$ cat input28.cif   # mmCIF, C-alpha atoms
data_run
loop_
_atom_site.group_PDB
_atom_site.id
_atom_site.type_symbol
_atom_site.label_atom_id
_atom_site.label_comp_id
_atom_site.auth_asym_id
_atom_site.auth_seq_id
_atom_site.Cartn_x
_atom_site.Cartn_y
_atom_site.Cartn_z
ATOM 1 C CA MET A 221 -10.618 160.014 17.033
ATOM 2 C CA ILE A 222 -8.810 157.619 19.364
ATOM 3 C CA VAL A 223 -6.754 154.947 17.588
ATOM 4 C CA MET A 224 -5.145 152.254 19.727
ATOM 5 C CA GLU A 225 -3.152 149.208 18.702
ATOM 6 C CA ILE A 226 -3.532 145.872 20.437
ATOM 7 C CA ARG A 227 0.204 145.664 21.106
ATOM 8 C CA GLU A 228 0.020 149.005 22.951
ATOM 9 C CA LEU A 229 -2.724 147.678 25.188
ATOM 10 C CA GLU A 230 -0.766 144.469 25.736
ATOM 11 C CA ALA A 231 2.276 146.496 26.805
ATOM 12 C CA PHE A 232 0.183 148.539 29.219
ATOM 13 C CA LEU A 233 -1.424 145.454 30.770
ATOM 14 C CA ALA A 234 1.993 143.814 31.102
ATOM 15 C CA VAL A 235 3.346 146.850 32.961
ATOM 16 C CA MET A 236 0.312 146.906 35.233
ATOM 17 C CA SER A 237 0.690 143.190 35.968
ATOM 18 C CA THR A 238 4.440 143.170 36.589
ATOM 19 C CA GLY A 239 4.855 146.628 38.118
ATOM 20 C CA SER A 240 7.790 147.740 35.975
ATOM 21 C CA ILE A 241 8.868 148.414 32.401
ATOM 22 C CA THR A 242 11.788 146.012 32.799
ATOM 23 C CA ALA A 243 9.649 143.079 33.921
ATOM 24 C CA ALA A 244 7.037 143.835 31.254
ATOM 25 C CA ALA A 245 9.734 143.813 28.570
ATOM 26 C CA ARG A 246 10.920 140.376 29.717
ATOM 27 C CA LEU A 247 7.335 139.113 29.767
ATOM 28 C CA LEU A 248 6.639 140.346 26.233
ATOM 29 C CA ASP A 249 10.108 139.471 24.901
ATOM 30 C CA ARG A 250 10.668 143.077 23.868
ATOM 31 C CA SER A 251 13.259 145.699 24.736
ATOM 32 C CA GLN A 252 12.582 148.216 27.492
ATOM 33 C CA SER A 253 12.669 151.030 24.951
ATOM 34 C CA GLN A 254 10.029 149.296 22.820
ATOM 35 C CA VAL A 255 7.699 148.870 25.792
ATOM 36 C CA THR A 256 8.280 152.478 26.847
ATOM 37 C CA ARG A 257 7.436 153.713 23.357
ATOM 38 C CA LEU A 258 4.291 151.596 23.171
ATOM 39 C CA ILE A 259 3.071 153.039 26.479
ATOM 40 C CA GLN A 260 3.862 156.577 25.312
ATOM 41 C CA ASP A 261 1.994 156.039 22.045
ATOM 42 C CA LEU A 262 -1.006 154.699 23.980
ATOM 43 C CA GLU A 263 -0.959 157.751 26.266
ATOM 44 C CA ILE A 264 -0.982 160.002 23.212
ATOM 45 C CA SER A 265 -3.950 158.066 21.814
ATOM 46 C CA VAL A 266 -6.057 158.220 24.986
ATOM 47 C CA GLY A 267 -5.028 161.780 25.864
ATOM 48 C CA PHE A 268 -3.872 161.257 29.450
ATOM 49 C CA ALA A 269 -0.982 159.797 31.429
ATOM 50 C CA LEU A 270 -1.392 156.151 32.285
ATOM 51 C CA LEU A 271 1.680 156.029 34.493
ATOM 52 C CA ASP A 272 3.169 158.464 36.990
ATOM 53 C CA ARG A 273 6.934 158.593 36.570
ATOM 54 C CA ASN A 274 9.454 159.488 39.269
ATOM 55 C CA GLY A 275 12.876 158.872 37.766
ATOM 56 C CA PRO A 276 13.194 155.123 37.154
ATOM 57 C CA LYS A 277 10.152 154.373 39.292
ATOM 58 C CA ILE A 278 6.661 154.172 37.846
ATOM 59 C CA ALA A 279 3.208 153.822 39.327
ATOM 60 C CA PRO A 280 -0.219 153.711 37.669
ATOM 61 C CA SER A 281 -1.981 157.052 37.568
ATOM 62 C CA GLU A 282 -5.536 157.407 38.835
ATOM 63 C CA LYS A 283 -6.791 157.492 35.254
ATOM 64 C CA GLY A 284 -4.512 154.588 34.387
ATOM 65 C CA ILE A 285 -6.116 152.446 37.078
ATOM 66 C CA ALA A 286 -9.592 153.240 35.733
ATOM 67 C CA PHE A 287 -8.462 152.550 32.153
ATOM 68 C CA HIS A 288 -6.849 149.232 33.124
ATOM 69 C CA ALA A 289 -10.169 147.477 33.760
ATOM 70 C CA GLU A 290 -11.513 148.552 30.363
ATOM 71 C CA ALA A 291 -8.330 147.550 28.538
ATOM 72 C CA GLU A 292 -8.337 144.155 30.233
ATOM 73 C CA ARG A 293 -11.972 143.597 29.285
ATOM 74 C CA PHE A 294 -11.309 144.606 25.677
ATOM 75 C CA LEU A 295 -8.296 142.322 25.231
ATOM 76 C CA SER A 296 -10.180 139.490 26.865
ATOM 77 C CA GLY A 297 -12.873 139.962 24.236
ATOM 78 C CA ILE A 298 -10.299 139.947 21.439
ATOM 79 C CA GLY A 299 -8.808 136.733 22.782
ATOM 80 C CA HIS A 300 -12.287 135.274 23.020
ATOM 81 C CA LEU A 301 -12.947 136.188 19.365
ATOM 82 C CA ARG A 302 -9.682 134.638 18.213
ATOM 83 C CA GLU A 303 -10.426 131.419 20.057
ATOM 84 C CA ARG A 304 -13.950 131.287 18.617
ATOM 85 C CA ALA A 305 -12.572 131.709 15.102
ATOM 86 C CA ARG A 306 -10.136 128.834 15.645
ATOM 87 C CA THR A 307 -12.805 126.478 16.979
ATOM 88 C CA ILE A 308 -15.144 127.337 14.100
ATOM 89 C CA ALA A 309 -12.374 126.586 11.610
ATOM 90 C CA GLU A 310 -11.487 123.292 13.315
ATOM 91 C CA LYS A 311 -15.113 122.361 14.134
ATOM 92 C CA GLU A 312 -14.396 121.979 17.852
ATOM 93 C CA PRO A 313 -16.789 122.666 20.737
ATOM 94 C CA GLN A 314 -16.763 126.419 21.335
ATOM 95 C CA PRO A 315 -14.876 127.729 24.380
ATOM 96 C CA ILE A 316 -16.975 128.599 27.407
ATOM 97 C CA GLU A 317 -16.477 132.005 28.997
ATOM 98 C CA ILE A 318 -18.179 132.135 32.394
ATOM 99 C CA VAL A 319 -18.357 135.043 34.801
ATOM 100 C CA ALA A 320 -19.745 134.516 38.282
ATOM 101 C CA ILE A 321 -19.814 136.118 41.664
ATOM 102 C CA PRO A 322 -17.324 134.411 44.016
ATOM 103 C CA ALA A 323 -20.110 132.504 45.804
ATOM 104 C CA PHE A 324 -20.731 130.438 42.668
ATOM 105 C CA ALA A 325 -17.273 130.551 41.094
ATOM 106 C CA SER A 326 -15.734 128.796 44.090
ATOM 107 C CA GLY A 327 -18.326 126.105 44.744
ATOM 108 C CA ILE A 328 -21.325 125.359 42.526
ATOM 109 C CA ILE A 329 -19.792 126.044 39.101
ATOM 110 C CA PRO A 330 -16.732 123.768 39.563
ATOM 111 C CA LEU A 331 -19.137 120.971 40.522
ATOM 112 C CA ALA A 332 -21.219 121.690 37.408
ATOM 113 C CA LEU A 333 -18.144 121.675 35.171
ATOM 114 C CA ALA A 334 -17.138 118.294 36.570
ATOM 115 C CA ALA A 335 -20.617 116.960 35.733
ATOM 116 C CA LEU A 336 -20.525 118.162 32.113
ATOM 117 C CA PRO A 337 -20.286 115.267 29.598
ATOM 118 C CA GLU A 338 -16.802 114.855 28.119
ATOM 119 C CA LYS A 339 -18.055 115.409 24.565
ATOM 120 C CA LEU A 340 -19.315 118.875 25.535
ATOM 121 C CA LEU A 341 -16.110 119.978 27.258
ATOM 122 C CA PRO A 342 -14.209 122.380 24.985
ATOM 123 C CA ARG A 343 -10.438 122.659 25.077
ATOM 124 C CA LYS A 344 -10.720 126.072 26.699
ATOM 125 C CA ILE A 345 -12.932 127.010 29.641
ATOM 126 C CA HIS A 346 -12.482 130.397 31.305
ATOM 127 C CA LEU A 347 -14.104 131.033 34.689
ATOM 128 C CA ARG A 348 -13.755 134.543 36.076
ATOM 129 C CA SER A 349 -14.853 135.650 39.524
ATOM 130 C CA LEU A 350 -16.218 139.209 39.606
ATOM 131 C CA PRO A 351 -18.592 141.341 41.691
ATOM 132 C CA ALA A 352 -22.228 141.207 40.607
ATOM 133 C CA GLU A 353 -22.223 144.522 38.779
ATOM 134 C CA ALA A 354 -19.070 143.664 36.812
ATOM 135 C CA ALA A 355 -20.387 140.182 36.010
ATOM 136 C CA VAL A 356 -23.484 141.633 34.335
ATOM 137 C CA GLN A 357 -21.405 144.196 32.442
ATOM 138 C CA SER A 358 -19.148 141.415 31.113
ATOM 139 C CA VAL A 359 -22.174 139.716 29.574
ATOM 140 C CA LEU A 360 -23.444 142.967 28.076
ATOM 141 C CA ALA A 361 -19.955 143.677 26.692
ATOM 142 C CA ARG A 362 -19.981 140.124 25.291
ATOM 143 C CA THR A 363 -16.717 139.148 26.937
ATOM 144 C CA ALA A 364 -18.583 136.336 28.715
ATOM 145 C CA ASP A 365 -21.094 133.823 27.390
ATOM 146 C CA PHE A 366 -23.178 133.966 30.559
ATOM 147 C CA CYS A 367 -22.978 135.061 34.159
ATOM 148 C CA VAL A 368 -24.235 133.750 37.481
ATOM 149 C CA THR A 369 -24.928 136.679 39.761
ATOM 150 C CA SER A 370 -26.884 137.907 42.737
ATOM 151 C CA LEU A 371 -29.843 140.232 42.208
ATOM 152 C CA PRO A 372 -30.849 142.951 41.475
ATOM 153 C CA ALA A 373 -29.601 143.225 37.903
ATOM 154 C CA ASP A 374 -31.924 145.674 36.174
ATOM 155 C CA GLN A 375 -30.260 145.911 32.774
ATOM 156 C CA PRO A 376 -31.728 145.869 29.268
ATOM 157 C CA GLY A 377 -30.212 143.456 26.806
ATOM 158 C CA LEU A 378 -30.138 140.407 29.094
ATOM 159 C CA GLU A 379 -31.688 137.009 28.463
ATOM 160 C CA VAL A 380 -32.750 135.346 31.710
ATOM 161 C CA HIS A 381 -32.008 131.622 32.016
ATOM 162 C CA GLY A 382 -33.337 131.268 35.537
ATOM 163 C CA VAL A 383 -34.156 133.223 38.688
ATOM 164 C CA PHE A 384 -33.624 131.450 41.977
ATOM 165 C CA GLN A 385 -33.545 131.970 45.712
ATOM 166 C CA GLY A 386 -32.258 130.233 48.822
ATOM 167 C CA PRO A 387 -32.113 131.163 52.513
ATOM 168 C CA CYS A 388 -28.917 132.439 54.064
ATOM 169 C CA VAL A 389 -27.320 130.313 56.762
ATOM 170 C CA ALA A 390 -24.957 130.595 59.714
ATOM 171 C CA ALA A 391 -21.454 129.144 59.654
ATOM 172 C CA VAL A 392 -19.649 128.535 62.945
ATOM 173 C CA ALA A 393 -16.562 126.697 64.114
ATOM 174 C CA GLU A 394 -17.236 123.029 64.834
ATOM 175 C CA ASP A 395 -16.366 123.523 68.520
ATOM 176 C CA ASP A 396 -18.654 126.542 68.903
ATOM 177 C CA PRO A 397 -21.595 125.790 71.264
ATOM 178 C CA LEU A 398 -23.985 126.922 68.498
ATOM 179 C CA ALA A 399 -22.763 124.051 66.318
ATOM 180 C CA ALA A 400 -24.791 121.702 68.548
ATOM 181 C CA CYS A 401 -28.005 123.417 67.402
ATOM 182 C CA GLU A 402 -29.849 122.112 64.371
ATOM 183 C CA VAL A 403 -31.236 125.610 63.817
ATOM 184 C CA ILE A 404 -29.501 128.705 65.174
ATOM 185 C CA SER A 405 -31.754 131.386 66.593
ATOM 186 C CA ILE A 406 -30.890 134.904 65.590
ATOM 187 C CA ALA A 407 -31.387 135.825 69.248
ATOM 188 C CA ASP A 408 -28.278 133.737 70.034
ATOM 189 C CA LEU A 409 -26.174 136.129 67.971
ATOM 190 C CA ALA A 410 -26.588 139.002 70.429
ATOM 191 C CA GLY A 411 -23.214 140.042 71.760
ATOM 192 C CA ARG A 412 -21.348 137.812 69.285
ATOM 193 C CA ASN A 413 -19.003 138.846 66.498
ATOM 194 C CA ILE A 414 -20.925 138.621 63.228
ATOM 195 C CA ILE A 415 -19.063 138.111 59.965
ATOM 196 C CA THR A 416 -20.860 139.107 56.804
ATOM 197 C CA MET A 417 -20.565 140.952 53.509
ATOM 198 C CA ALA A 418 -19.307 144.501 53.017
ATOM 199 C CA ASN A 419 -21.442 145.586 50.031
ATOM 200 C CA PRO A 420 -24.334 147.507 51.651
ATOM 201 C CA PHE A 421 -26.617 147.199 48.609
ATOM 202 C CA ARG A 422 -26.978 143.424 48.351
ATOM 203 C CA LEU A 423 -26.778 140.636 50.939
ATOM 204 C CA ARG A 424 -25.434 142.910 53.681
ATOM 205 C CA ARG A 425 -28.594 145.012 53.578
ATOM 206 C CA ARG A 426 -30.793 141.960 54.147
ATOM 207 C CA VAL A 427 -28.616 140.844 57.041
ATOM 208 C CA ASP A 428 -28.784 144.297 58.640
ATOM 209 C CA ILE A 429 -32.574 144.360 58.268
ATOM 210 C CA ALA A 430 -32.896 140.953 59.940
ATOM 211 C CA LEU A 431 -30.646 141.951 62.849
ATOM 212 C CA GLU A 432 -32.483 145.237 63.331
ATOM 213 C CA ALA A 433 -35.897 143.529 63.215
ATOM 214 C CA ALA A 434 -34.784 141.122 65.948
ATOM 215 C CA ASN A 435 -33.185 143.952 67.953
ATOM 216 C CA ILE A 436 -29.822 142.169 67.869
ATOM 217 C CA ARG A 437 -26.721 144.155 68.711
ATOM 218 C CA PRO A 438 -23.553 142.229 67.838
ATOM 219 C CA ALA A 439 -20.264 142.774 69.646
ATOM 220 C CA ARG A 440 -18.747 143.757 66.330
ATOM 221 C CA ILE A 441 -19.295 143.353 62.609
ATOM 222 C CA ILE A 442 -16.488 141.876 60.527
ATOM 223 C CA ALA A 443 -17.156 142.701 56.864
ATOM 224 C CA THR A 444 -15.518 141.046 53.882
ATOM 225 C CA SER A 445 -15.983 141.119 50.124
ATOM 226 C CA VAL A 446 -16.571 137.381 49.567
ATOM 227 C CA SER A 447 -18.450 134.740 51.526
ATOM 228 C CA VAL A 448 -15.624 132.221 51.536
ATOM 229 C CA ASN A 449 -13.577 134.698 53.588
ATOM 230 C CA ALA A 450 -16.426 135.009 56.063
ATOM 231 C CA VAL A 451 -16.719 131.237 56.432
ATOM 232 C CA GLN A 452 -12.971 130.885 56.839
ATOM 233 C CA ILE A 453 -12.954 133.526 59.570
ATOM 234 C CA ALA A 454 -15.825 131.736 61.305
ATOM 235 C CA SER A 455 -13.822 128.490 61.247
ATOM 236 C CA THR A 456 -11.265 130.109 63.568
ATOM 237 C CA GLY A 457 -13.931 130.667 66.211
ATOM 238 C CA LEU A 458 -13.759 134.435 65.920
ATOM 239 C CA GLY A 459 -17.475 134.796 65.244
ATOM 240 C CA VAL A 460 -20.589 133.617 63.433
ATOM 241 C CA ALA A 461 -20.753 134.096 59.672
ATOM 242 C CA ILE A 462 -24.075 134.884 58.017
ATOM 243 C CA VAL A 463 -23.582 133.918 54.394
ATOM 244 C CA GLU A 464 -25.450 132.957 51.256
ATOM 245 C CA PRO A 465 -26.090 129.230 50.733
ATOM 246 C CA ALA A 466 -24.050 128.749 47.533
ATOM 247 C CA THR A 467 -20.760 129.106 49.385
ATOM 248 C CA ALA A 468 -21.973 127.381 52.545
ATOM 249 C CA TYR A 469 -23.198 124.232 50.782
ATOM 250 C CA GLY A 470 -21.209 124.279 47.539
ATOM 251 C CA LEU A 471 -17.749 124.621 49.073
ATOM 252 C CA LYS A 472 -16.697 122.235 51.822
ATOM 253 C CA LEU A 473 -14.348 123.831 54.344
ATOM 254 C CA ALA A 474 -12.769 122.041 57.289
ATOM 255 C CA ASN A 475 -13.744 122.833 60.882
ATOM 256 C CA VAL A 476 -16.985 124.573 59.885
ATOM 257 C CA ALA A 477 -20.569 123.724 60.803
ATOM 258 C CA VAL A 478 -23.313 125.147 58.579
ATOM 259 C CA ARG A 479 -26.663 125.650 60.290
ATOM 260 C CA ALA A 480 -30.054 127.025 59.256
ATOM 261 C CA LEU A 481 -31.258 130.264 60.820
ATOM 262 C CA ASP A 482 -34.662 130.711 62.427
ATOM 263 C CA VAL A 483 -35.236 133.834 60.309
ATOM 264 C CA ASP A 484 -35.506 133.944 56.540
ATOM 265 C CA ILE A 485 -32.750 136.070 54.991
ATOM 266 C CA PRO A 486 -33.267 135.367 51.273
ATOM 267 C CA PHE A 487 -30.497 135.278 48.708
ATOM 268 C CA PRO A 488 -31.857 135.837 45.167
ATOM 269 C CA TRP A 489 -29.670 135.035 42.164
ATOM 270 C CA ALA A 490 -29.985 134.514 38.439
ATOM 271 C CA ILE A 491 -28.233 133.341 35.300
ATOM 272 C CA PHE A 492 -28.003 135.757 32.368
ATOM 273 C CA SER A 493 -26.625 135.846 28.850
ATOM 274 C CA ALA A 494 -26.716 138.590 26.252
ATOM 275 C CA ALA A 495 -30.055 138.858 24.470
ATOM 276 C CA ALA A 496 -30.094 137.762 20.826
ATOM 277 C CA ARG A 497 -26.736 136.020 21.242
ATOM 278 C CA PRO A 498 -27.019 132.251 20.717
ATOM 279 C CA LEU A 499 -25.283 130.106 23.321
ATOM 280 C CA SER A 500 -23.340 126.975 22.442
ATOM 281 C CA ASP A 501 -24.691 123.561 23.369
ATOM 282 C CA SER A 502 -21.929 123.311 25.968
ATOM 283 C CA SER A 503 -22.943 126.585 27.623
ATOM 284 C CA ARG A 504 -26.616 125.640 27.676
ATOM 285 C CA GLU A 505 -25.864 122.231 29.171
ATOM 286 C CA LEU A 506 -23.577 123.826 31.770
ATOM 287 C CA ILE A 507 -26.341 126.233 32.800
ATOM 288 C CA GLN A 508 -28.661 123.291 33.376
ATOM 289 C CA GLU A 509 -25.989 121.510 35.428
ATOM 290 C CA ILE A 510 -25.520 124.632 37.580
ATOM 291 C CA ILE A 511 -29.264 124.773 38.248
ATOM 292 C CA GLN A 512 -29.504 121.060 39.056
ATOM 293 C CA ILE A 513 -26.521 121.088 41.416
ATOM 294 C CA ALA A 514 -27.727 124.245 43.163
ATOM 295 C CA SER A 515 -31.202 122.748 43.652
ATOM 296 C CA ALA A 516 -29.659 119.566 45.090
ATOM 297 C CA CYS A 517 -27.134 121.336 47.342
ATOM 298 C CA ILE A 518 -29.173 124.240 48.714
ATOM 299 C CA PRO A 519 -31.964 123.484 51.215
ATOM 300 C CA GLY A 520 -34.952 125.720 50.531
ATOM 301 C CA PHE A 521 -33.961 126.233 46.888
ATOM 302 C CA THR A 522 -36.741 128.054 45.011
ATOM 303 C CA ALA A 523 -37.121 128.866 41.301
ATOM 304 C CA HIS A 524 -38.978 132.020 40.258
ATOM 305 C CA ASP A 525 -40.539 133.059 36.984
ATOM 306 C CA PRO A 526 -37.564 134.105 34.786
ATOM 307 C CA ARG A 527 -39.562 137.093 33.568
ATOM 308 C CA SER A 528 -39.472 138.625 37.042
ATOM 309 C CA ALA A 529 -35.756 138.714 37.888
ATOM 310 C CA ASN A 530 -35.817 142.023 39.704
ATOM 311 C CA ARG A 531 -39.260 141.476 41.168
ATOM 312 C CA ALA A 532 -37.804 138.427 42.926
ATOM 313 C CA ALA A 533 -35.105 140.637 44.423
ATOM 314 C CA GLU A 534 -37.639 143.252 45.475
ATOM 315 C CA MET A 535 -39.800 140.681 47.259
ATOM 316 C CA THR A 536 -36.860 139.790 49.490
ATOM 317 C CA LEU A 537 -36.842 143.325 50.870
ATOM 318 C CA GLY A 538 -40.334 144.592 50.299
ATOM 319 C CA GLY A 539 -41.749 147.994 49.557
ATOM 320 C CA ASP A 540 -39.630 151.039 50.264
ATOM 321 C CA GLN A 541 -36.680 148.946 51.376
ATOM 322 C CA ALA A 542 -36.386 147.468 47.890
ATOM 323 C CA ASP A 543 -36.316 150.943 46.398
ATOM 324 C CA ALA A 544 -33.586 152.016 48.799
ATOM 325 C CA ARG A 545 -30.984 149.439 47.770
#
$ encode --input "input28.cif" --output "structure tokens"
Amino acid sequence: MIVMEIRELEAFLAVMSTGSITAAARLLDRSQSQVTRLIQDLEISVGFALLDRNGPKIAPSEKGIAFHAEAERFLSGIGHLRERARTIAEKEPQPIEIVAIPAFASGIIPLALAALPEKLLPRKIHLRSLPAEAAVQSVLARTADFCVTSLPADQPGLEVHGVFQGPCVAAVAEDDPLAACEVISIADLAGRNIITMANPFRLRRRVDIALEAANIRPARIIATSVSVNAVQIASTGLGVAIVEPATAYGLKLANVAVRALDVDIPFPWAIFSAAARPLSDSSRELIQEIIQIASACIPGFTAHDPRSANRAAEMTLGGDQADAR
């Protein structure tokens, strides 16, 4: 039976964050020997080394890196529980814990938070930006009240608050000749640098299918993990970014022109919470604000039947391609 103390996990996370026992001890206001002992006790509990030691130097072990994400999620949940208990005792609006893919965390959700009535704003709001798979897992682990994520998300235990879709767009530097076009033809991307997402199982797959269908061979592909990076690269004139509409229309960046494409590259997304877990009034109102702002910001915004979250994702690829994601 594995028995771990919260202070041991806190010591481990402090070491991972600061990179040394000495810095972690200062952060936690403990002695170096106390932090060292806490880490050693945690290693005994879990049954493997969390840190590789080479004299005074330490580095996280491979297993330590994998364990770090779980420890961070667990302590986040404990902090969430403590904060909920305090607000219940003091009859305050409950904190809001939001997890979203970067496309929404950087643009649409901040706008929705700003639109939330003052009386519904709790003293603590936590917005985390995570990949789609991790966002869904945070909801299932109940370390987040709800998540805004791209599809697919085929997981039991989720309550669907909305399934939506919008067409991807092109982002180019303002002085790029394509910026003069109201609609950019995908044929105009031949021989250009194309900036898009790295994950081959979500938006990137739809982009690749569209390029292949149009027989477009770019000069090079520049792949990144978040759309805002792609748009920022496009602003330098290095290439044309093909990105989802939440970033393109929700986040205003200088020196960038956002244009529609003459091909439909759909971006399906949804809002989920844990099934059978009641949401606060603040969370429910925030979800409605997110939907309203997205519908106002994104041209071609479409709402699907919430009961068909993954069917909406499958329709964007069709047939065998959907099964191959």
$ residues_around --input "input28.cif" --residues "Glu225 (chain A)" --least-positions-apart "5" --cutoff "10 Å" --atoms "all atoms listed in the file" --output "ChimeraX atom specification"
/A:230,258,261-262,265
$ closest_residue --input "input28.cif" --among "A:Glu505, A:Arg479, A:His524, A:Gln254" --to "Lys339 (chain A)" --atoms "only C-alpha atoms"
A:Glu505
$ closest_residue --input "input28.cif" --among "A:Arg302, A:His288, A:Arg422, A:His381" --to "Pro351 (chain A)" --atoms "all atoms listed in the file"
A:Arg422
$ residues_around --input "input28.cif" --residues "Val359 (chain A)" --least-positions-apart "5" --cutoff "9 Å" --atoms "all atoms listed in the file" --output "number ranges by chain"
A: 319, 354, 364-367, 378, 492-494
$ write_last_selection --input "input28.cif" --atoms "C-alpha atoms" --output "PDB file, keeping the file's coordinate frame"
ATOM      1  CA  VAL A 319     -18.357 135.043  34.801  1.00  0.00           C
ATOM      2  CA  ALA A 354     -19.070 143.664  36.812  1.00  0.00           C
ATOM      3  CA  ALA A 364     -18.583 136.336  28.715  1.00  0.00           C
ATOM      4  CA  ASP A 365     -21.094 133.823  27.390  1.00  0.00           C
ATOM      5  CA  PHE A 366     -23.178 133.966  30.559  1.00  0.00           C
ATOM      6  CA  CYS A 367     -22.978 135.061  34.159  1.00  0.00           C
ATOM      7  CA  LEU A 378     -30.138 140.407  29.094  1.00  0.00           C
ATOM      8  CA  PHE A 492     -28.003 135.757  32.368  1.00  0.00           C
ATOM      9  CA  SER A 493     -26.625 135.846  28.850  1.00  0.00           C
ATOM     10  CA  ALA A 494     -26.716 138.590  26.252  1.00  0.00           C
TER      11      ALA A 494
END
$ closest_residue --input "input28.cif" --among "A:Asp408, A:Glu464, A:Glu379, A:Glu353" --to "Leu423 (chain A)" --atoms "only C-alpha atoms"
A:Glu464
